[in-house]
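Q: One file is attached below, query_37.cif, containing mmCIF, C-alpha atoms.
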```cif
data_target
#
loop_
_atom_site.label_atom_id
_atom_site.label_comp_id
_atom_site.auth_asym_id
_atom_site.auth_seq_id
_atom_site.Cartn_x
_atom_site.Cartn_y
_atom_site.Cartn_z
CA MET A 8 -82.42 -42.59 -42.14
CA ILE A 9 -83.48 -40.00 -44.71
CA ASN A 10 -81.28 -39.92 -47.80
CA VAL A 11 -80.75 -36.69 -49.70
CA SER A 12 -79.00 -37.05 -53.02
CA LYS A 13 -75.82 -35.20 -54.02
CA ILE A 14 -76.24 -31.76 -55.55
CA LYS A 15 -74.74 -30.90 -58.94
CA LYS A 16 -73.90 -27.25 -58.43
CA GLY A 17 -74.18 -25.18 -55.31
CA ILE A 18 -73.16 -24.95 -51.67
CA VAL A 19 -73.17 -27.43 -48.81
CA LEU A 20 -72.93 -25.97 -45.33
CA ASP A 21 -71.57 -28.74 -43.13
CA HIS A 22 -70.67 -29.09 -39.43
CA ILE A 23 -73.38 -26.71 -38.30
CA SER A 24 -73.87 -27.04 -34.54
CA GLN A 25 -77.02 -28.94 -33.70
CA GLY A 26 -79.94 -26.52 -33.51
CA GLN A 27 -78.20 -23.69 -35.42
CA GLY A 28 -79.37 -24.83 -38.85
CA TYR A 29 -82.69 -23.04 -38.81
CA LYS A 30 -81.07 -19.82 -37.59
CA ILE A 31 -78.66 -19.91 -40.52
CA PHE A 32 -81.49 -20.78 -42.90
CA SER A 33 -83.31 -17.65 -41.72
CA GLN A 34 -80.27 -15.33 -41.69
CA LEU A 35 -79.33 -16.32 -45.24
CA LYS A 36 -82.98 -15.75 -46.20
CA LEU A 37 -83.07 -19.14 -47.90
CA ASP A 38 -86.85 -19.10 -47.72
CA GLU A 39 -86.75 -16.32 -50.32
CA ILE A 40 -84.73 -18.12 -53.01
CA LYS A 41 -86.37 -20.18 -55.73
CA ASP A 42 -83.66 -22.86 -55.93
CA VAL A 43 -83.71 -26.25 -54.20
CA VAL A 44 -82.77 -25.97 -50.53
CA VAL A 45 -82.58 -28.75 -47.97
CA LEU A 46 -82.17 -28.26 -44.24
CA LEU A 47 -81.21 -31.41 -42.39
CA ARG A 48 -81.28 -31.37 -38.61
CA ASN A 49 -79.94 -33.69 -35.92
CA ILE A 50 -77.79 -35.79 -38.27
CA PRO A 51 -75.53 -38.29 -36.44
CA SER A 52 -71.89 -37.16 -36.65
CA ASN A 53 -68.72 -38.93 -35.45
CA LYS A 54 -67.02 -35.59 -34.71
CA MET A 55 -69.91 -33.61 -33.27
CA GLY A 56 -72.36 -36.19 -31.95
CA LYS A 57 -75.17 -34.54 -33.85
CA LYS A 58 -75.06 -31.75 -36.41
CA ASP A 59 -77.20 -29.77 -38.84
CA LEU A 60 -76.51 -29.43 -42.57
CA ILE A 61 -77.84 -27.27 -45.41
CA LYS A 62 -77.62 -28.02 -49.13
CA ILE A 63 -78.41 -25.30 -51.65
CA GLU A 64 -78.61 -26.18 -55.35
CA THR A 65 -77.90 -22.77 -56.86
CA ASP A 66 -75.56 -20.85 -59.09
CA ILE A 67 -76.34 -17.53 -57.44
CA PRO A 68 -73.49 -16.35 -55.19
CA LEU A 69 -74.68 -16.00 -51.57
CA ASP A 70 -73.27 -13.57 -49.01
CA LEU A 71 -72.04 -16.00 -46.41
CA THR A 72 -70.45 -13.36 -44.10
CA VAL A 73 -73.15 -13.89 -41.52
CA LEU A 74 -72.12 -17.54 -41.05
CA GLY A 75 -68.88 -16.57 -39.36
CA LEU A 76 -70.88 -14.60 -36.82
CA ILE A 77 -73.32 -17.38 -36.00
CA ASP A 78 -71.00 -20.36 -36.02
CA PRO A 79 -67.35 -19.99 -37.12
CA ASP A 80 -66.89 -23.81 -37.09
CA ILE A 81 -69.14 -24.33 -40.11
CA THR A 82 -67.49 -25.79 -43.22
CA ILE A 83 -68.58 -24.44 -46.59
CA ASN A 84 -68.24 -26.84 -49.52
CA ILE A 85 -68.53 -25.41 -53.02
CA ILE A 86 -69.89 -28.00 -55.45
CA GLU A 87 -69.45 -28.02 -59.24
CA ASN A 88 -70.52 -30.94 -61.48
CA GLY A 89 -71.38 -32.98 -58.42
CA GLU A 90 -67.85 -32.67 -56.97
CA ARG A 91 -66.43 -30.52 -54.22
CA VAL A 92 -64.15 -27.91 -55.84
CA ASP A 93 -63.49 -25.71 -52.81
CA LYS A 94 -63.71 -25.98 -49.04
CA ILE A 95 -63.89 -22.74 -47.07
CA LYS A 96 -63.17 -22.59 -43.35
CA LEU A 97 -64.91 -19.66 -41.76
CA LYS A 98 -63.46 -17.00 -39.52
CA LEU A 99 -64.98 -13.99 -37.85
CA PRO A 100 -65.25 -11.17 -40.40
CA GLN A 101 -63.40 -7.93 -39.55
CA ARG A 102 -66.34 -5.89 -40.75
CA VAL A 103 -70.00 -6.74 -41.29
CA THR A 104 -72.41 -4.51 -43.12
CA GLY A 105 -76.18 -4.55 -42.95
CA ILE A 106 -76.40 -7.69 -40.80
CA LEU A 107 -76.14 -6.58 -37.17
CA LYS A 108 -78.44 -4.12 -35.45
CA CYS A 109 -77.16 -1.80 -32.75
CA LYS A 110 -78.57 -2.62 -29.34
CA ASN A 111 -77.70 0.73 -27.74
CA PRO A 112 -81.08 2.38 -27.01
CA ARG A 113 -79.47 5.83 -27.35
CA CYS A 114 -78.01 5.15 -30.82
CA ILE A 115 -79.41 7.22 -33.70
CA THR A 116 -79.91 4.02 -35.73
CA GLN A 117 -82.78 3.12 -33.38
CA TYR A 118 -84.66 6.25 -34.43
CA GLU A 119 -83.75 6.89 -38.08
CA LYS A 120 -83.94 4.40 -40.93
CA VAL A 121 -80.26 3.67 -41.51
CA LYS A 122 -79.32 1.19 -44.22
CA ASP A 123 -76.19 -0.94 -44.24
CA ILE A 124 -74.77 -0.11 -40.83
CA ASP A 125 -71.09 -1.08 -40.56
CA PHE A 126 -69.94 -3.02 -37.52
CA ILE A 127 -66.23 -3.50 -36.88
CA LEU A 128 -64.90 -6.53 -34.99
CA ALA A 129 -64.17 -5.35 -31.44
CA ASP A 130 -63.52 -8.50 -29.43
CA PRO A 131 -62.97 -11.81 -31.27
CA LYS A 132 -63.26 -13.83 -28.04
CA LYS A 133 -66.63 -12.38 -27.10
CA ARG A 134 -67.56 -12.11 -30.81
CA THR A 135 -68.65 -8.51 -30.33
CA TYR A 136 -68.75 -5.77 -32.93
CA ARG A 137 -68.54 -1.98 -32.60
CA CYS A 138 -71.30 0.14 -34.13
CA GLU A 139 -69.87 2.67 -36.61
CA TYR A 140 -72.24 5.35 -35.29
CA CYS A 141 -72.24 5.12 -31.49
CA ASP A 142 -69.19 2.85 -30.89
CA SER A 143 -71.09 0.63 -28.47
CA HIS A 144 -70.42 -3.09 -28.70
CA THR A 145 -73.02 -5.58 -29.82
CA ALA A 146 -73.24 -9.24 -30.80
CA LEU A 147 -75.55 -11.17 -33.08
CA MET B 26 -61.91 19.35 -55.74
CA ASN B 27 -60.87 18.03 -52.33
CA LYS B 28 -63.14 15.63 -50.46
CA THR B 29 -65.35 17.43 -47.93
CA ARG B 30 -63.90 17.09 -44.45
CA HIS B 31 -66.06 16.73 -41.35
CA LEU B 32 -65.23 16.68 -37.66
CA ILE B 33 -67.20 13.86 -36.04
CA GLU B 34 -64.69 12.63 -33.50
CA PRO B 35 -61.28 13.93 -32.40
CA ARG B 36 -59.37 11.26 -34.28
CA ASP B 37 -60.70 12.54 -37.59
CA PHE B 38 -57.67 14.82 -37.51
CA THR B 39 -54.10 13.54 -37.39
CA ILE B 40 -51.73 14.87 -34.75
CA GLU B 41 -50.06 16.96 -37.49
CA GLU B 42 -53.40 18.42 -38.55
CA LEU B 43 -54.19 19.26 -34.93
CA ASP B 44 -50.84 21.04 -34.58
CA GLU B 45 -51.64 23.03 -37.71
CA LEU B 46 -55.07 23.92 -36.27
CA PHE B 47 -53.59 25.03 -32.96
CA ARG B 48 -50.97 27.17 -34.72
CA LEU B 49 -53.80 28.86 -36.61
CA ALA B 50 -55.67 29.40 -33.31
CA ASP B 51 -52.48 30.95 -31.86
CA ASN B 52 -52.31 33.34 -34.81
CA ILE B 53 -55.98 34.29 -34.40
CA ILE B 54 -55.42 34.97 -30.68
CA ALA B 55 -52.36 37.08 -31.49
CA SER B 56 -53.92 39.09 -34.36
CA PRO B 57 -57.73 38.79 -34.31
CA LYS B 58 -58.20 41.84 -36.57
CA GLU B 59 -56.53 40.03 -39.47
CA TYR B 60 -59.34 37.47 -39.46
CA LEU B 61 -62.34 39.81 -39.30
CA ASP B 62 -63.44 39.19 -42.91
CA VAL B 63 -62.11 35.75 -43.64
CA CYS B 64 -65.63 34.19 -43.65
CA LYS B 65 -67.40 37.11 -45.32
CA GLY B 66 -70.22 35.71 -47.48
CA LYS B 67 -70.18 32.35 -45.71
CA LEU B 68 -73.11 30.91 -43.78
CA LEU B 69 -72.96 28.59 -40.78
CA ALA B 70 -76.03 26.45 -39.97
CA SER B 71 -76.37 25.97 -36.24
CA LEU B 72 -78.57 22.89 -35.74
CA PHE B 73 -79.17 22.36 -32.05
CA PHE B 74 -81.63 19.54 -31.43
CA GLU B 75 -80.80 19.79 -27.73
CA PRO B 76 -80.46 22.91 -25.58
CA SER B 77 -76.94 24.28 -25.22
CA THR B 78 -76.15 27.90 -24.63
CA ARG B 79 -72.42 27.64 -24.20
CA THR B 80 -71.42 25.56 -27.20
CA ARG B 81 -73.90 27.33 -29.47
CA PHE B 82 -72.69 30.78 -28.41
CA SER B 83 -69.10 29.66 -28.85
CA PHE B 84 -69.70 28.53 -32.45
CA GLU B 85 -71.84 31.51 -33.33
CA SER B 86 -69.32 33.94 -31.83
CA ALA B 87 -66.56 32.18 -33.74
CA MET B 88 -68.39 32.54 -37.08
CA LEU B 89 -69.41 36.16 -36.43
CA ARG B 90 -65.86 37.12 -35.42
CA LEU B 91 -64.66 35.69 -38.75
CA GLY B 92 -67.10 37.92 -40.62
CA GLY B 93 -69.55 35.11 -41.48
CA GLN B 94 -73.24 34.79 -40.70
CA VAL B 95 -75.33 32.25 -38.83
CA ILE B 96 -78.72 30.60 -39.38
CA GLY B 97 -80.27 27.83 -37.30
CA PHE B 98 -82.40 26.74 -34.40
CA ASP B 99 -81.86 25.76 -30.80
CA ASP B 100 -85.20 24.09 -30.20
CA PRO B 101 -86.03 20.93 -32.16
CA ASN B 102 -89.72 21.81 -31.95
CA ALA B 103 -88.93 24.79 -34.17
CA SER B 104 -87.42 22.58 -36.89
CA SER B 105 -89.06 20.32 -39.49
CA THR B 106 -88.06 17.32 -37.39
CA SER B 107 -91.15 18.02 -35.29
CA LYS B 108 -93.19 17.49 -38.48
CA GLY B 109 -91.62 14.07 -38.90
CA GLU B 110 -88.80 14.97 -41.30
CA THR B 111 -85.88 12.55 -41.30
CA LEU B 112 -82.42 13.71 -40.32
CA ALA B 113 -81.21 12.85 -43.82
CA ASP B 114 -83.73 15.23 -45.42
CA THR B 115 -82.98 18.00 -42.91
CA ILE B 116 -79.27 17.82 -43.68
CA ARG B 117 -79.75 17.60 -47.45
CA THR B 118 -81.94 20.71 -47.30
CA VAL B 119 -79.60 22.67 -45.03
CA GLY B 120 -76.78 21.74 -47.41
CA CYS B 121 -78.58 23.75 -50.11
CA TYR B 122 -78.35 26.92 -48.00
CA ALA B 123 -75.31 26.81 -45.76
CA ASP B 124 -71.57 26.44 -46.27
CA ILE B 125 -70.89 24.60 -43.02
CA ALA B 126 -73.10 23.00 -40.34
CA VAL B 127 -72.77 22.46 -36.62
CA ILE B 128 -75.03 19.80 -35.14
CA ARG B 129 -75.90 18.86 -31.57
CA HIS B 130 -78.32 16.01 -30.97
CA PRO B 131 -79.27 13.85 -27.98
CA ARG B 132 -78.86 10.60 -29.96
CA GLU B 133 -75.44 8.99 -30.27
CA GLY B 134 -73.97 8.83 -33.76
CA THR B 135 -76.21 11.56 -35.21
CA ALA B 136 -73.40 13.77 -36.51
CA LYS B 137 -71.81 10.83 -38.31
CA LEU B 138 -75.12 9.96 -39.93
CA ALA B 139 -75.60 13.62 -40.90
CA SER B 140 -72.14 13.73 -42.51
CA LYS B 141 -73.10 10.83 -44.79
CA TYR B 142 -75.84 12.98 -46.29
CA SER B 143 -73.62 16.02 -46.69
CA PRO B 144 -71.26 15.53 -49.63
CA HIS B 145 -70.37 19.23 -50.00
CA MET B 146 -71.04 20.87 -46.63
CA PRO B 147 -68.63 20.14 -43.75
CA VAL B 148 -70.44 18.87 -40.64
CA ILE B 149 -69.12 19.53 -37.15
CA ASN B 150 -70.26 17.37 -34.24
CA ALA B 151 -71.17 19.68 -31.35
CA GLY B 152 -72.14 16.75 -29.12
CA ASP B 153 -74.12 13.56 -29.81
CA GLY B 154 -75.73 12.31 -26.60
CA GLY B 155 -73.20 10.81 -24.23
CA HIS B 156 -70.91 9.84 -27.10
CA GLN B 157 -68.51 12.45 -28.50
CA HIS B 158 -67.93 16.19 -28.26
CA PRO B 159 -64.83 16.76 -30.39
CA THR B 160 -64.77 20.57 -30.37
CA GLN B 161 -64.71 20.52 -26.59
CA THR B 162 -61.69 18.27 -27.00
CA LEU B 163 -60.04 20.77 -29.32
CA THR B 164 -60.77 23.40 -26.67
CA ASP B 165 -59.24 21.21 -23.99
CA LEU B 166 -56.18 20.44 -26.10
CA LEU B 167 -55.55 24.09 -26.92
CA THR B 168 -55.85 24.90 -23.20
CA ILE B 169 -53.40 22.14 -22.24
CA ARG B 170 -51.02 23.26 -24.98
CA HIS B 171 -51.20 26.85 -23.76
CA TYR B 172 -50.53 26.12 -20.08
CA LYS B 173 -48.35 22.98 -20.26
CA LYS B 174 -46.55 23.71 -23.57
CA ARG B 175 -46.71 20.05 -24.67
CA PHE B 176 -49.12 17.10 -24.84
CA ASP B 177 -46.85 14.21 -23.84
CA ASN B 178 -45.61 13.08 -20.42
CA HIS B 179 -48.63 14.12 -18.38
CA VAL B 180 -50.64 12.47 -15.63
CA ILE B 181 -54.24 13.41 -16.35
CA ALA B 182 -56.80 12.87 -13.59
CA VAL B 183 -60.38 12.95 -14.82
CA CYS B 184 -63.03 13.13 -12.16
CA GLY B 185 -66.82 12.88 -11.99
CA ASP B 186 -69.25 11.39 -14.47
CA LEU B 187 -67.02 9.23 -16.63
CA LYS B 188 -69.89 7.08 -17.87
CA PHE B 189 -71.96 9.71 -19.67
CA GLY B 190 -69.32 12.46 -19.84
CA ARG B 191 -68.79 12.77 -23.57
CA THR B 192 -66.23 15.56 -23.22
CA ILE B 193 -64.17 13.19 -21.15
CA HIS B 194 -64.53 10.33 -23.62
CA SER B 195 -63.33 12.55 -26.43
CA LEU B 196 -60.44 14.00 -24.41
CA VAL B 197 -59.23 10.60 -23.27
CA LYS B 198 -59.27 9.22 -26.81
CA ALA B 199 -57.38 12.25 -28.10
CA MET B 200 -54.74 12.39 -25.35
CA SER B 201 -54.08 8.65 -25.55
CA ARG B 202 -52.36 9.31 -28.89
CA TYR B 203 -49.49 11.14 -27.17
CA GLU B 204 -46.39 9.54 -25.63
CA ASN B 205 -46.23 8.65 -21.96
CA VAL B 206 -49.64 9.97 -20.98
CA LYS B 207 -51.14 8.31 -17.90
CA PHE B 208 -54.78 8.59 -16.86
CA ILE B 209 -56.33 8.38 -13.42
CA PHE B 210 -60.08 7.81 -13.70
CA ILE B 211 -61.90 9.01 -10.59
CA SER B 212 -65.60 8.20 -10.33
CA PRO B 213 -68.20 6.44 -8.21
CA ASP B 214 -68.76 2.86 -9.31
CA GLU B 215 -72.04 3.75 -11.02
CA LEU B 216 -70.36 6.30 -13.28
CA LYS B 217 -67.20 4.43 -14.30
CA MET B 218 -65.52 4.79 -17.68
CA PRO B 219 -67.30 2.56 -20.27
CA SER B 220 -65.40 -0.52 -21.39
CA TYR B 221 -65.44 0.52 -25.05
CA ILE B 222 -63.35 3.57 -24.17
CA LEU B 223 -60.95 1.55 -21.99
CA ASP B 224 -60.57 -0.99 -24.82
CA GLU B 225 -59.41 1.75 -27.15
CA LEU B 226 -56.65 2.94 -24.83
CA HIS B 227 -54.48 -0.05 -25.87
CA ASP B 228 -51.00 0.65 -24.41
CA THR B 229 -51.92 3.83 -22.53
CA ALA B 230 -51.60 3.37 -18.76
CA TYR B 231 -54.58 4.07 -16.53
CA THR B 232 -55.80 3.45 -13.00
CA GLN B 233 -59.32 3.67 -11.61
CA THR B 234 -60.35 4.89 -8.16
CA ASP B 235 -63.27 6.53 -6.40
CA ASN B 236 -61.05 8.65 -4.13
CA LEU B 237 -60.00 12.08 -5.41
CA GLU B 238 -57.99 13.06 -2.32
CA MET B 239 -55.81 9.95 -2.56
CA VAL B 240 -54.57 10.69 -6.08
CA ILE B 241 -54.72 14.48 -6.48
CA ASP B 242 -50.99 14.85 -5.68
CA GLN B 243 -50.05 12.79 -8.79
CA ALA B 244 -51.94 14.89 -11.32
CA ASP B 245 -50.45 17.40 -13.78
CA ILE B 246 -53.92 18.10 -15.10
CA LEU B 247 -57.14 17.70 -13.10
CA TYR B 248 -60.21 17.58 -15.33
CA MET B 249 -63.43 17.94 -13.33
CA SER B 250 -66.86 17.21 -14.80
CA ARG B 251 -70.46 17.72 -13.87
CA VAL B 252 -72.84 14.87 -13.10
CA GLN B 253 -75.44 15.58 -15.77
CA ARG B 254 -79.06 15.45 -14.66
CA GLU B 255 -80.28 14.98 -18.24
CA ARG B 256 -78.45 11.64 -18.59
CA PHE B 257 -80.24 10.03 -15.63
CA VAL B 258 -83.49 8.11 -15.82
CA SER B 259 -83.88 8.13 -12.03
CA GLU B 260 -83.99 11.46 -10.22
CA GLU B 261 -83.15 9.65 -6.98
CA GLU B 262 -79.95 8.23 -8.47
CA TYR B 263 -78.97 11.69 -9.72
CA GLU B 264 -79.55 13.26 -6.30
CA ARG B 265 -77.40 10.58 -4.68
CA LEU B 266 -74.46 11.07 -7.07
CA LYS B 267 -74.51 14.75 -8.01
CA ASP B 268 -72.32 16.01 -5.17
CA TYR B 269 -70.09 12.96 -4.90
CA TYR B 270 -67.00 15.10 -5.59
CA VAL B 271 -66.57 18.72 -4.55
CA LEU B 272 -63.15 20.22 -5.23
CA ASP B 273 -62.24 22.84 -2.63
CA ASN B 274 -59.12 24.57 -1.31
CA VAL B 275 -58.55 21.90 1.33
CA LYS B 276 -58.36 19.12 -1.27
CA LEU B 277 -56.08 21.29 -3.41
CA GLN B 278 -53.47 21.58 -0.66
CA ASN B 279 -51.85 18.32 -1.77
CA ALA B 280 -51.96 19.12 -5.49
CA LYS B 281 -48.88 20.12 -7.50
CA GLU B 282 -48.11 23.84 -7.75
CA ASP B 283 -48.20 23.73 -11.54
CA MET B 284 -51.24 21.47 -11.88
CA ILE B 285 -54.06 22.99 -13.92
CA ILE B 286 -57.75 22.55 -13.09
CA MET B 287 -60.00 22.24 -16.11
CA HIS B 288 -63.76 21.91 -16.49
CA PRO B 289 -65.91 21.99 -19.66
CA LEU B 290 -68.53 24.15 -17.84
CA PRO B 291 -71.24 24.67 -16.81
CA ARG B 292 -70.14 23.92 -13.28
CA VAL B 293 -72.66 23.13 -10.56
CA ASN B 294 -71.22 22.09 -7.19
CA GLU B 295 -68.23 19.96 -8.23
CA ILE B 296 -65.81 22.90 -7.96
CA SER B 297 -66.32 25.17 -5.00
CA ALA B 298 -66.42 28.89 -5.90
CA GLU B 299 -63.44 29.49 -3.58
CA VAL B 300 -61.25 27.60 -6.07
CA ASP B 301 -61.93 30.21 -8.79
CA ASP B 302 -59.25 32.51 -7.36
CA ASP B 303 -56.60 29.77 -7.33
CA PRO B 304 -54.06 30.42 -10.13
CA ARG B 305 -54.35 26.75 -11.09
CA ALA B 306 -58.04 27.21 -12.02
CA VAL B 307 -58.11 27.77 -15.80
CA TYR B 308 -61.69 26.78 -16.63
CA PHE B 309 -62.95 30.22 -17.58
CA GLU B 310 -59.96 30.85 -19.84
CA GLN B 311 -60.69 27.41 -21.31
CA ALA B 312 -64.03 28.76 -22.60
CA ARG B 313 -62.19 31.59 -24.39
CA PHE B 314 -59.81 29.11 -26.02
CA GLY B 315 -62.92 27.24 -27.16
CA MET B 316 -64.07 30.15 -29.28
CA TYR B 317 -60.63 30.63 -30.85
CA VAL B 318 -60.18 26.97 -31.70
CA ARG B 319 -63.65 26.91 -33.28
CA MET B 320 -62.65 29.90 -35.41
CA ALA B 321 -59.60 27.95 -36.57
CA LEU B 322 -61.72 24.85 -37.20
CA ILE B 323 -64.27 26.70 -39.34
CA MET B 324 -61.42 28.14 -41.42
CA LYS B 325 -59.77 24.75 -41.82
CA LEU B 326 -62.94 22.91 -42.88
CA LEU B 327 -63.88 25.69 -45.30
CA GLU B 328 -60.26 25.71 -46.55
CA LEU B 329 -59.93 29.46 -45.98
CA GLU B 330 -56.72 31.38 -45.43
CA VAL B 331 -55.87 35.01 -44.76
#
```
Using C-alpha cells, write down the structure that the file contains.

A:
Amino acid sequence: MINVSKIKKGIVLDHISQGQGYKIFSQLKLDEIKDVVVLLRNIPSNKMGKKDLIKIETDIPLDLTVLGLIDPDITINIIENGERVDKIKLKLPQRVTGILKCKNPRCITQYEKVKDIDFILADPKKRTYRCEYCDSHTAL
Amino acid sequence: MNKTRHLIEPRDFTIEELDELFRLADNIIASPKEYLDVCKGKLLASLFFEPSTRTRFSFESAMLRLGGQVIGFDDPNASSTSKGETLADTIRTVGCYADIAVIRHPREGTAKLASKYSPHMPVINAGDGGHQHPTQTLTDLLTIRHYKKRFDNHVIAVCGDLKFGRTIHSLVKAMSRYENVKFIFISPDELKMPSYILDELHDTAYTQTDNLEMVIDQADILYMSRVQRERFVSEEEYERLKDYYVLDNVKLQNAKEDMIIMHPLPRVNEISAEVDDDPRAVYFEQARFGMYVRMALIMKLLELEV
C-alpha cells in the first residue's frame, strides 16, 4: 500500500468514482499548476469498493465548478494547518461558463472563436445543459 | 443613457412591451403619414449572410417608410467575411456607421453573438439558421391580434416542418406565454418538434400527430409551413417529405368558420392556390402586418416617438 502524507494547506478531492480521477485532473488543468499534486487511483474503499482521490497542496483558489458536472458525488475537503476546516458536497451547477462546448454542428460557436460560453442547466437527471447561443442541449 | 436593447428572441420583450409595440403598429397602420420622417437621419444596416428577399424587403421598406436609409449586403461573398473577417469585427465596424442592424445568418446563435459586440447599436435577429426568427413572430402575433382580437384561449395547429421551422419555434415560444393556449403539432415523424422546444412549454398543453385532416376541426388558428430544401442534407429525403401536407378546399371543409390560415411565406405546394380565395386565408395580409410591426420595432429600439 502506498502511503501519501497529510497535506498542510489545500484541497482533497475524495470519493471520486474509480477511473474518473484522471479526467478530473485534466479538467482542472492540474498539470499546469506548480504546487504539489497527487492523484491516487484504485484505492480500496468500504463505501465504494474502489475510488480515486486527488490531493492538492495549494493556497490558490481553484474553480471546482466542473467537478459537479463530472461526478456530483465527489467530496471536497478544504485543509488548513493539516486539519479539515470545511467539507463541500457538490451539486450540479445551474450555470457553467467556459467549460462546456456546444455539440450542435449548426451553432455559431463551432465557426467563430467564442470565449466563455454560458450553459444553463436544462435537465438535472440527464445532466444536460442548454447553450446560450443556439439553445441545443449538451452534456460534458 | 439606457442600455441598448436588442431583439434576439421573442421573449426579449415582456408581454406588456409587446402590447405597447402592437399599439404603435396599430397607430402606424391608421396614420402612416405621421411617421414619414420619424427615422430621418438614421441608418439601418441590413446584414444578410443568407439569401432572403422577403424579410430583407420587409425591413428595408419599413426603414424607408419611416424616412430612414439603408446600407448592407445580401450576399456574404460581397462582405468582408469572405476575406476571413470575424463576425465580431464585422459588427464592431458596422456599429461605427449605422444606428441599428438587422442580421440574418445560417448559423444558429449568430445574432446573439453579434449583440455582444454591439454595445450601442441595437441588433435585430432576422433569422439564425433553424433557430429563431423573432420578427416573423411579431408579424404572426400582430396578425393574430388583428383577426382574433386576443392572444389567449386559442387552439393553434402548426403543420409542416416543425424540426427546422424557426418561425414556428419562435411563435410557439411566444404564444406559450398566454393563458389557455393549446398547441397541436402536425408533422411527419422525421420533422417533429425538437425536444428543447417542448421542454420549454412547461404547463402549456400540446398534442402531436401526423394527420392534418383528423385535427383541423379543432383549430382556431392553422399555421402552415414550408418544408425547406436548404435545411436538408439529402435531396432524396427532401423530395420524399416536401409535399407531405397540401392544404386544399376539401380539407378545409371541416375547419371552423372563423379559423384563420397563416403562413410565413414563401409558399410552395403546402397550400393549394385554390385556398387563396377563402376568407380564412390571411397569409398575404400577414406579410403587410410584417412591415408595419418592423416599423414599430425600429422605432422602439431606437427610442423614437412622433

Q: What are the residues of chain A lining chain B at 8 Å or less? Count all atoms listed in the file, and put the answer as a list in words.

A: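 Written out as asked, the residues are Arg113, Cys114, Ile115, Thr116, Glu119, Glu139, Tyr140, Cys141, Asp142, Ser143 and His144 of chain A.
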
Q: Apply the PyMOL selection byres ((chain B and resi 308) around 12) to the displayed file and report the matching residues as a ChimeraX atom specification.

A: /B:164-165,168-169,172,246-250,285-292,296,298,300-307,309-315

Q: Starting from the shown file, work through the PyMOL selection byres ((chain A and resi 45-53) around 8) and note down what comes out as an NGL selection string.

A: :A and (25-26 or 28-29 or 32 or 43-44 or 54-63)

Q: Do you have the CA of Lys94 (chain A)-CA of Thr82 (chain A) distance handy?

A: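 Taking CA of Lys94 (chain A) as the start and CA of Thr82 (chain A) as the end point, the length is 6.9 Å.
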
Q: Which residues, written as a list of chain:residue names, have at least one atom at most 9 Å from Glu90 (chain A), with only C-alpha atoms counted and residues fewer than 5 positions away on the same chain left out?

A: A:Lys13, A:Ile14, A:Lys15, A:Lys16, A:Ile85

Q: How far is it from CA of Asp21 (chain A) to CA of Gln101 (chain A), in Å with one decimal?

A: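 CA of Gln101 (chain A) lies 22.6 Å from CA of Asp21 (chain A).
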
Q: Could you tell me how far CA of Met284 (chain B) lies from CA of Asn52 (chain B), in Å and to one decimal?

A: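 Rounded to one decimal, the two atoms are 25.8 Å apart.
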
Q: Spell out the residues picked by the PyMOL selection byres ((chain B and resi 323-327) around 8) here, as a list in words.

A: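 This file gives the following for the PyMOL selection byres ((chain B and resi 323-327) around 8): Thr29, Arg30, His31, Leu46, Val63, Cys64, Met88, Asp124, Ile125, Pro147, Arg319, Met320, Ala321, Leu322, Glu328, Leu329 and Glu330 of chain B.
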
Q: Give me, as a count of residues only, all polymer residues having an atom no more than 9 Å from Ala182 (chain B), counting all atoms listed in the file and skipping those fewer than 3 positions away in the same chain.

A: 15

Q: Around region 52-67 of chain B, fit a box with edges along x, y and z, padding it by 6 Å on each side, then list its centre and edge lengths in Å to one decimal as AutoDock Vina command-line options.

A:
```
--center_x -61.3 --center_y 37.1 --center_z -39.1 --size_x 29.9 --size_y 21.5 --size_z 28.8
```

Q: In terms of the shortest atom-to-atom distance over all atoms listed in the file, which of A:Lys110, A:Arg137, A:Lys122, A:Lys132 is closest to Lys141 (chain B)?

A: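 Ranked by minimum distance to Lys141 (chain B), first place goes to A:Lys122.
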
Q: When you get a chance, write out N, CA and C atoms for region 195-204 of chain B, as a PDB file, in the coordinates of the input.

A:
```
ATOM      1  N   SER B 195     -64.062  11.984 -25.300  1.00  0.00           N
ATOM      2  CA  SER B 195     -63.330  12.550 -26.430  1.00  0.00           C
ATOM      3  C   SER B 195     -61.904  12.939 -26.031  1.00  0.00           C
ATOM      4  N   LEU B 196     -61.768  13.551 -24.868  1.00  0.00           N
ATOM      5  CA  LEU B 196     -60.440  14.000 -24.410  1.00  0.00           C
ATOM      6  C   LEU B 196     -59.511  12.807 -24.197  1.00  0.00           C
ATOM      7  N   VAL B 197     -60.043  11.778 -23.569  1.00  0.00           N
ATOM      8  CA  VAL B 197     -59.230  10.600 -23.270  1.00  0.00           C
ATOM      9  C   VAL B 197     -58.752   9.941 -24.564  1.00  0.00           C
ATOM     10  N   LYS B 198     -59.659   9.823 -25.533  1.00  0.00           N
ATOM     11  CA  LYS B 198     -59.270   9.220 -26.810  1.00  0.00           C
ATOM     12  C   LYS B 198     -58.186  10.068 -27.491  1.00  0.00           C
ATOM     13  N   ALA B 199     -58.348  11.363 -27.430  1.00  0.00           N
ATOM     14  CA  ALA B 199     -57.380  12.250 -28.100  1.00  0.00           C
ATOM     15  C   ALA B 199     -56.022  12.235 -27.394  1.00  0.00           C
ATOM     16  N   MET B 200     -56.019  12.316 -26.083  1.00  0.00           N
ATOM     17  CA  MET B 200     -54.740  12.390 -25.350  1.00  0.00           C
ATOM     18  C   MET B 200     -53.999  11.060 -25.357  1.00  0.00           C
ATOM     19  N   SER B 201     -54.739   9.960 -25.551  1.00  0.00           N
ATOM     20  CA  SER B 201     -54.080   8.650 -25.550  1.00  0.00           C
ATOM     21  C   SER B 201     -53.155   8.487 -26.763  1.00  0.00           C
ATOM     22  N   ARG B 202     -53.245   9.400 -27.715  1.00  0.00           N
ATOM     23  CA  ARG B 202     -52.360   9.310 -28.890  1.00  0.00           C
ATOM     24  C   ARG B 202     -50.966   9.848 -28.601  1.00  0.00           C
ATOM     25  N   TYR B 203     -50.793  10.525 -27.464  1.00  0.00           N
ATOM     26  CA  TYR B 203     -49.490  11.140 -27.170  1.00  0.00           C
ATOM     27  C   TYR B 203     -48.656  10.232 -26.263  1.00  0.00           C
ATOM     28  N   GLU B 204     -47.339  10.389 -26.354  1.00  0.00           N
ATOM     29  CA  GLU B 204     -46.390   9.540 -25.630  1.00  0.00           C
ATOM     30  C   GLU B 204     -46.479   9.743 -24.117  1.00  0.00           C
TER      31      GLU B 204
END
```
